[in-house]
$ cat target-v1.cif   # mmCIF, C-alpha atoms
data_protein
#
loop_
_atom_site.label_atom_id
_atom_site.label_comp_id
_atom_site.auth_asym_id
_atom_site.auth_seq_id
_atom_site.Cartn_x
_atom_site.Cartn_y
_atom_site.Cartn_z
CA MET K 1074 -147.11 -18.95 71.04
CA ASN K 1075 -147.15 -15.62 72.83
CA GLU K 1076 -145.14 -17.00 75.73
CA ALA K 1077 -142.44 -18.08 73.30
CA ALA K 1078 -142.11 -14.50 72.08
CA THR K 1079 -141.04 -13.23 75.51
CA GLU K 1080 -139.41 -16.35 76.81
CA THR K 1081 -136.00 -15.82 78.37
CA ARG K 1082 -133.42 -18.50 77.82
CA SER K 1083 -129.85 -18.80 78.85
CA VAL K 1084 -126.82 -20.81 77.98
CA VAL K 1085 -123.98 -21.51 80.41
CA ILE K 1086 -120.55 -22.73 79.38
CA GLU K 1087 -117.88 -23.53 81.95
CA ARG K 1088 -114.22 -24.20 81.32
CA GLU K 1089 -111.03 -24.66 83.35
CA PHE K 1090 -107.94 -22.85 82.12
CA ALA K 1091 -104.40 -23.63 83.27
CA TYR K 1092 -103.63 -19.93 83.59
CA PRO K 1093 -104.19 -17.40 86.39
CA PRO K 1094 -107.17 -14.99 86.35
CA GLU K 1095 -104.83 -12.10 85.62
CA ARG K 1096 -103.95 -13.53 82.21
CA LEU K 1097 -107.54 -14.44 81.38
CA TRP K 1098 -108.63 -10.97 82.37
CA ARG K 1099 -106.25 -9.43 79.85
CA ALA K 1100 -107.59 -11.70 77.11
CA LEU K 1101 -111.16 -10.68 78.01
CA THR K 1102 -110.56 -6.93 78.21
CA GLN K 1103 -107.80 -5.87 75.82
CA PRO K 1104 -109.20 -5.15 72.34
CA HIS K 1105 -106.30 -6.66 70.37
CA LEU K 1106 -106.51 -9.83 72.48
CA ILE K 1107 -110.34 -10.00 72.34
CA GLU K 1108 -110.02 -9.86 68.57
CA GLU K 1109 -107.75 -12.90 68.59
CA TRP K 1110 -110.25 -15.25 70.22
CA LEU K 1111 -113.62 -13.56 69.77
CA MET K 1112 -114.16 -10.75 67.26
CA LYS K 1113 -112.93 -7.37 66.10
CA ASN K 1114 -114.04 -4.78 68.63
CA ASP K 1115 -113.68 -1.34 70.19
CA PHE K 1116 -114.07 -2.52 73.76
CA LYS K 1117 -113.06 -0.41 76.75
CA PRO K 1118 -113.21 -1.70 80.32
CA THR K 1119 -115.56 1.05 81.48
CA VAL K 1120 -119.14 0.62 82.66
CA GLY K 1121 -121.50 2.30 80.21
CA HIS K 1122 -119.04 2.09 77.30
CA ARG K 1123 -120.82 1.14 74.09
CA PHE K 1124 -118.94 -0.92 71.58
CA ASN K 1125 -119.38 -3.27 68.65
CA LEU K 1126 -118.23 -6.78 68.04
CA ARG K 1127 -117.76 -7.38 64.33
CA GLY K 1128 -118.02 -10.94 63.10
CA GLU K 1129 -116.26 -12.34 60.08
CA TRP K 1130 -119.69 -13.03 58.58
CA GLY K 1131 -120.24 -9.25 58.37
CA GLY K 1132 -122.67 -9.05 61.27
CA VAL K 1133 -122.27 -6.40 63.94
CA LEU K 1134 -123.26 -6.89 67.56
CA ASP K 1135 -124.25 -3.90 69.68
CA CYS K 1136 -122.73 -4.12 73.13
CA GLU K 1137 -122.57 -2.05 76.29
CA VAL K 1138 -120.45 -2.75 79.33
CA LEU K 1139 -122.84 -3.36 82.24
CA ALA K 1140 -120.59 -4.47 85.07
CA ILE K 1141 -116.92 -4.90 85.62
CA GLU K 1142 -114.98 -6.25 88.58
CA PRO K 1143 -111.30 -6.66 87.63
CA GLN K 1144 -110.15 -10.27 87.41
CA ARG K 1145 -113.52 -11.50 88.74
CA SER K 1146 -116.39 -10.63 86.44
CA LEU K 1147 -117.40 -8.78 83.33
CA ALA K 1148 -120.85 -8.35 81.80
CA TYR K 1149 -121.95 -6.72 78.59
CA THR K 1150 -125.01 -6.67 76.38
CA TRP K 1151 -124.85 -8.77 73.23
CA ASN K 1152 -127.56 -7.50 70.92
CA PHE K 1153 -128.11 -8.26 67.30
CA THR K 1154 -130.66 -6.04 65.63
CA HIS K 1155 -132.28 -7.18 62.45
CA GLU K 1156 -135.42 -6.01 60.63
CA ASP K 1157 -136.55 -9.62 60.52
CA GLU K 1158 -137.31 -10.41 64.13
CA ALA K 1159 -136.37 -14.04 63.56
CA TYR K 1160 -132.76 -12.83 63.59
CA ASP K 1161 -133.14 -10.43 66.47
CA LEU K 1162 -131.29 -11.28 69.65
CA LYS K 1163 -131.15 -9.29 72.86
CA SER K 1164 -128.92 -10.82 75.45
CA VAL K 1165 -126.37 -10.25 78.18
CA VAL K 1166 -123.08 -12.11 78.38
CA THR K 1167 -121.46 -12.47 81.80
CA PHE K 1168 -117.93 -13.83 82.32
CA THR K 1169 -117.14 -14.98 85.85
CA LEU K 1170 -113.57 -15.91 86.83
CA THR K 1171 -112.76 -18.00 89.89
CA PRO K 1172 -109.17 -18.89 90.83
CA GLN K 1173 -108.70 -22.64 90.93
CA GLY K 1174 -105.31 -23.86 92.09
CA ALA K 1175 -102.81 -22.32 89.67
CA GLY K 1176 -105.53 -21.91 87.07
CA THR K 1177 -108.91 -20.31 86.55
CA HIS K 1178 -112.45 -21.54 86.27
CA LEU K 1179 -114.34 -19.49 83.70
CA ARG K 1180 -118.11 -19.40 83.54
CA VAL K 1181 -119.75 -17.78 80.53
CA GLU K 1182 -123.46 -17.16 80.74
CA GLN K 1183 -125.51 -15.71 77.93
CA ALA K 1184 -129.06 -14.82 78.94
CA GLY K 1185 -131.69 -13.31 76.74
CA PHE K 1186 -134.32 -14.04 74.23
CA ARG K 1187 -134.97 -14.10 70.56
CA PRO K 1188 -138.64 -13.54 69.69
CA SER K 1189 -138.28 -15.83 66.72
CA GLN K 1190 -140.54 -18.82 67.26
CA LYS K 1191 -143.54 -17.36 65.47
CA GLN K 1192 -141.42 -16.39 62.48
CA ALA K 1193 -139.91 -19.82 62.35
CA TYR K 1194 -143.30 -21.49 62.27
CA GLY K 1195 -144.39 -19.11 59.53
CA GLY K 1196 -141.26 -19.89 57.56
CA ALA K 1197 -141.85 -23.60 57.78
CA HIS K 1198 -145.43 -23.21 56.61
CA ALA K 1199 -144.33 -21.08 53.69
CA GLY K 1200 -142.04 -23.84 52.52
CA TRP K 1201 -139.17 -25.21 54.43
CA LYS K 1202 -136.55 -24.78 51.72
CA GLN K 1203 -136.73 -21.08 52.29
CA PHE K 1204 -136.76 -21.72 56.00
CA PHE K 1205 -133.62 -23.81 55.84
CA THR K 1206 -131.80 -21.13 53.88
CA LYS K 1207 -132.45 -18.91 56.88
CA LEU K 1208 -131.28 -21.61 59.23
CA ASP K 1209 -128.07 -21.91 57.26
CA GLU K 1210 -127.47 -18.18 57.59
CA LEU K 1211 -128.28 -18.44 61.27
CA LEU K 1212 -125.82 -21.25 61.80
CA ALA K 1213 -123.18 -19.46 59.76
CA ARG K 1214 -123.71 -16.47 61.99
CA ALA K 1215 -122.74 -18.57 65.00
CA GLU K 1216 -119.24 -18.97 63.59
CA MET J 750 -125.02 -31.65 70.11
CA SER J 751 -128.00 -33.61 71.42
CA THR J 752 -129.43 -36.49 69.44
CA ALA J 753 -132.62 -34.65 68.42
CA PRO J 754 -130.99 -32.54 65.68
CA ASP J 755 -129.15 -35.65 64.44
CA VAL J 756 -132.44 -37.51 63.99
CA LEU J 757 -133.98 -34.51 62.23
CA PHE J 758 -131.07 -34.08 59.85
CA ARG J 759 -130.91 -37.80 59.12
CA THR J 760 -134.65 -37.94 58.48
CA LEU J 761 -134.61 -34.94 56.18
CA ALA J 762 -131.46 -36.02 54.33
CA ASP J 763 -133.53 -38.12 51.92
CA PRO J 764 -134.75 -35.92 49.04
CA THR J 765 -138.02 -37.80 48.49
CA ARG J 766 -138.84 -37.68 52.18
CA ARG J 767 -137.93 -34.02 52.33
CA ALA J 768 -140.19 -33.30 49.34
CA ILE J 769 -143.09 -35.00 51.13
CA PHE J 770 -142.50 -32.98 54.27
CA GLU J 771 -142.14 -29.79 52.29
CA ARG J 772 -145.40 -30.46 50.51
CA LEU J 773 -147.23 -31.05 53.78
CA CYS J 774 -145.83 -27.76 55.09
CA ARG J 775 -146.93 -25.93 52.00
CA GLU J 776 -150.28 -27.51 51.26
CA GLY J 777 -151.51 -28.73 54.63
CA GLU J 778 -152.98 -32.10 55.50
CA GLN J 779 -152.92 -34.84 52.84
CA THR J 780 -153.78 -38.51 52.49
CA VAL J 781 -151.15 -41.10 51.53
CA GLY J 782 -152.93 -41.51 48.20
CA ALA J 783 -152.75 -37.82 47.36
CA LEU J 784 -149.08 -37.68 48.35
CA THR J 785 -148.29 -40.74 46.22
CA VAL J 786 -149.77 -39.23 43.06
CA GLN J 787 -147.24 -36.42 42.97
CA SER J 788 -144.26 -38.10 44.61
CA GLY J 789 -143.12 -40.30 41.72
CA VAL J 790 -142.65 -43.29 44.04
CA SER J 791 -144.93 -46.18 45.06
CA GLN J 792 -147.50 -45.92 47.82
CA PRO J 793 -145.62 -48.36 50.11
CA ALA J 794 -142.51 -46.18 49.66
CA VAL J 795 -144.47 -43.05 50.54
CA SER J 796 -145.89 -44.83 53.60
CA LYS J 797 -142.41 -45.79 54.67
CA HIS J 798 -141.18 -42.22 54.36
CA LEU J 799 -144.19 -40.99 56.32
CA GLY J 800 -143.36 -43.53 59.04
CA ALA J 801 -139.83 -42.13 59.31
CA LEU J 802 -141.14 -38.56 59.38
CA LYS J 803 -143.63 -39.53 62.07
CA GLN J 804 -140.91 -41.12 64.18
CA ALA J 805 -138.89 -37.93 64.02
CA GLY J 806 -141.99 -36.02 65.12
CA LEU J 807 -142.13 -34.14 61.82
CA VAL J 808 -145.60 -35.35 60.83
CA ARG J 809 -148.73 -36.44 62.64
CA ASP J 810 -151.32 -38.89 61.34
CA ARG J 811 -155.07 -38.82 61.77
CA HIS J 812 -157.30 -41.75 60.88
CA GLU J 813 -160.64 -41.05 59.29
CA GLY J 814 -162.58 -44.04 58.03
CA ARG J 815 -160.18 -46.03 55.86
CA GLN J 816 -158.04 -43.03 55.11
CA THR J 817 -155.03 -41.78 57.01
CA HIS J 818 -154.36 -38.07 56.81
CA TYR J 819 -150.91 -36.68 57.44
CA SER J 820 -149.99 -33.17 58.50
CA ALA J 821 -146.64 -31.44 59.07
CA GLN J 822 -145.43 -30.59 62.57
CA PRO J 823 -142.98 -27.78 61.87
CA GLY J 824 -142.52 -27.28 65.63
CA ALA J 825 -140.34 -30.42 65.50
CA LEU J 826 -137.70 -28.24 63.83
CA ASN J 827 -137.35 -26.14 66.97
CA PRO J 828 -134.20 -27.88 68.22
CA LEU J 829 -132.47 -26.66 65.06
CA ILE J 830 -133.42 -23.06 65.54
CA ASP J 831 -132.97 -22.84 69.29
CA TRP J 832 -130.44 -20.03 69.71
CA THR J 833 -129.17 -21.41 73.00
CA SER J 834 -127.76 -24.55 71.37
CA GLN J 835 -126.24 -22.45 68.59
CA MET J 836 -124.62 -20.13 71.10
CA ALA J 837 -123.37 -23.04 73.21
CA GLY J 838 -121.54 -24.32 70.14
CA PHE J 839 -120.28 -20.83 69.40
CA TRP J 840 -118.84 -20.36 72.92
CA GLN J 841 -117.22 -23.80 73.02
CA ASN J 842 -115.49 -22.86 69.81
CA ARG J 843 -114.44 -19.41 71.03
CA LEU J 844 -113.13 -20.78 74.33
CA ASP J 845 -110.91 -23.19 72.38
CA ALA J 846 -109.51 -20.12 70.62
CA LEU J 847 -109.14 -18.37 73.98
CA ASP J 848 -107.16 -21.30 75.34
CA ASP J 849 -104.85 -21.12 72.32
CA LEU J 850 -104.35 -17.41 72.86
CA LEU J 851 -103.58 -17.86 76.58
CA LYS J 852 -100.90 -20.38 75.63
CA ARG J 853 -99.34 -17.90 73.21
CA MET J 854 -99.39 -15.15 75.85
CA ASP J 855 -96.98 -17.32 77.87
CA GLN J 856 -93.87 -15.15 77.78
#
$ encode --input "target-v1.cif" --output "structure tokens"
Amino acid sequence: MNEAATETRSVVIEREFAYPPERLWRALTQPHLIEEWLMKNDFKPTVGHRFNLRGEWGGVLDCEVLAIEPQRSLAYTWNFTHEDEAYDLKSVVTFTLTPQGAGTHLRVEQAGFRPSQKQAYGGAHAGWKQFFTKLDELLARAE
Amino acid sequence: MSTAPDVLFRTLADPTRRAIFERLCREGEQTVGALTVQSGVSQPAVSKHLGALKQAGLVRDRHEGRQTHYSAQPGALNPLIDWTSQMAGFWQNRLDALDDLLKRMDQ
């Protein structure tokens, strides 16, 4: 189970939007617009800027701008620190914009790991009611 | 969502079946007879539940003489706790909201 603890996973979501990269870029980088589709934040489009994304569930994500190329790509860390490592997540989110006709192709990749597998097994052994309460919280957190 | 979580949720939706699985998680390997004693249902019913749990990969059976021993396979729950599938759902949802916002920015 040690491999699981350091295993890196990633999720890729791709979507076509009927709007030019310029408009998407604004929605991805202006705090009041980010808040409208993602979360409350104190984002600034500057490499090295540290900011938080605050979810409606009360959770706070620690982020840092890693790379920025106007209207083309944006990457920031997406870390959730929790004393229970089952909830811990260290990841990097990268948005890549490609013009497509009059619209834009957006690729969102989130790469990282959560060293949770051991905890999850332990939880299930301890009684899976308790485990499923955690799962519920986890799923709620995804909202 | 893939079918695996659907099967797991459907299998665990039955309270009696869930109680059997929970007990195996908590107490380790058991025979059908031992599980029947505390389940409040008949042995054939317990066997049927164990069959469903086995099909979902939630339990494993081991034959020893005339007895069959069942043990929980909590690893089968992994699809439900895989953060990548949670985040995929999260992003699909957020990108819907983004699309809405882009529409509203149209002035």
$ resolve_selection --input "target-v1.cif" --expression "the PyMOL selection byres ((chain J) within 9 of (chain K))" --output "number ranges by chain"
J: 770-777, 821, 823-824, 826-827, 829-852, 854
$ write_last_selection --input "target-v1.cif" --atoms "C-alpha atoms" --output "JSON list (two decimals), keeping the file's coordinate frame"
[["chain", "number", "residue", "atom", "x", "y", "z"],
["J", 770, "PHE", "CA", -142.50, -32.98, 54.27],
["J", 771, "GLU", "CA", -142.14, -29.79, 52.29],
["J", 772, "ARG", "CA", -145.40, -30.46, 50.51],
["J", 773, "LEU", "CA", -147.23, -31.05, 53.78],
["J", 774, "CYS", "CA", -145.83, -27.76, 55.09],
["J", 775, "ARG", "CA", -146.93, -25.93, 52.00],
["J", 776, "GLU", "CA", -150.28, -27.51, 51.26],
["J", 777, "GLY", "CA", -151.51, -28.73, 54.63],
["J", 821, "ALA", "CA", -146.64, -31.44, 59.07],
["J", 823, "PRO", "CA", -142.98, -27.78, 61.87],
["J", 824, "GLY", "CA", -142.52, -27.28, 65.63],
["J", 826, "LEU", "CA", -137.70, -28.24, 63.83],
["J", 827, "ASN", "CA", -137.35, -26.14, 66.97],
["J", 829, "LEU", "CA", -132.47, -26.66, 65.06],
["J", 830, "ILE", "CA", -133.42, -23.06, 65.54],
["J", 831, "ASP", "CA", -132.97, -22.84, 69.29],
["J", 832, "TRP", "CA", -130.44, -20.03, 69.71],
["J", 833, "THR", "CA", -129.17, -21.41, 73.00],
["J", 834, "SER", "CA", -127.76, -24.55, 71.37],
["J", 835, "GLN", "CA", -126.24, -22.45, 68.59],
["J", 836, "MET", "CA", -124.62, -20.13, 71.10],
["J", 837, "ALA", "CA", -123.37, -23.04, 73.21],
["J", 838, "GLY", "CA", -121.54, -24.32, 70.14],
["J", 839, "PHE", "CA", -120.28, -20.83, 69.40],
["J", 840, "TRP", "CA", -118.84, -20.36, 72.92],
["J", 841, "GLN", "CA", -117.22, -23.80, 73.02],
["J", 842, "ASN", "CA", -115.49, -22.86, 69.81],
["J", 843, "ARG", "CA", -114.44, -19.41, 71.03],
["J", 844, "LEU", "CA", -113.13, -20.78, 74.33],
["J", 845, "ASP", "CA", -110.91, -23.19, 72.38],
["J", 846, "ALA", "CA", -109.51, -20.12, 70.62],
["J", 847, "LEU", "CA", -109.14, -18.37, 73.98],
["J", 848, "ASP", "CA", -107.16, -21.30, 75.34],
["J", 849, "ASP", "CA", -104.85, -21.12, 72.32],
["J", 850, "LEU", "CA", -104.35, -17.41, 72.86],
["J", 851, "LEU", "CA", -103.58, -17.86, 76.58],
["J", 852, "LYS", "CA", -100.90, -20.38, 75.63],
["J", 854, "MET", "CA", -99.39, -15.15, 75.85]]
$ atom_distance --input "target-v1.cif" --atom1 "CA of Thr1102 in chain K" --atom2 "CA of Trp1130 in chain K"
22.5 Å
$ atom_distance --input "target-v1.cif" --atom1 "CA of Ala1175 in chain K" --atom2 "CA of Glu1142 in chain K"
20.2 Å
$ atom_distance --input "target-v1.cif" --atom1 "CA of Gln822 in chain J" --atom2 "CA of Pro793 in chain J"
21.7 Å
$ resolve_selection --input "target-v1.cif" --expression "the PyMOL selection byres ((chain K and resi 1116) around 9)" --output "VMD selection string"
chain K and resid 1102 to 1104 1107 1114 to 1115 1117 to 1119 1122 to 1126 1136 to 1138
$ closest_residue --input "target-v1.cif" --among "J:Phe758, J:Thr780, J:Ala794, J:Ile769" --to "Gly814 in chain J" --atoms "only C-alpha atoms"
J:Thr780
$ resolve_selection --input "target-v1.cif" --expression "the PyMOL selection byres ((chain K and resi 1150-1154) around 6)" --output "ChimeraX atom specification"
/K:1134-1137,1149,1155,1161-1165
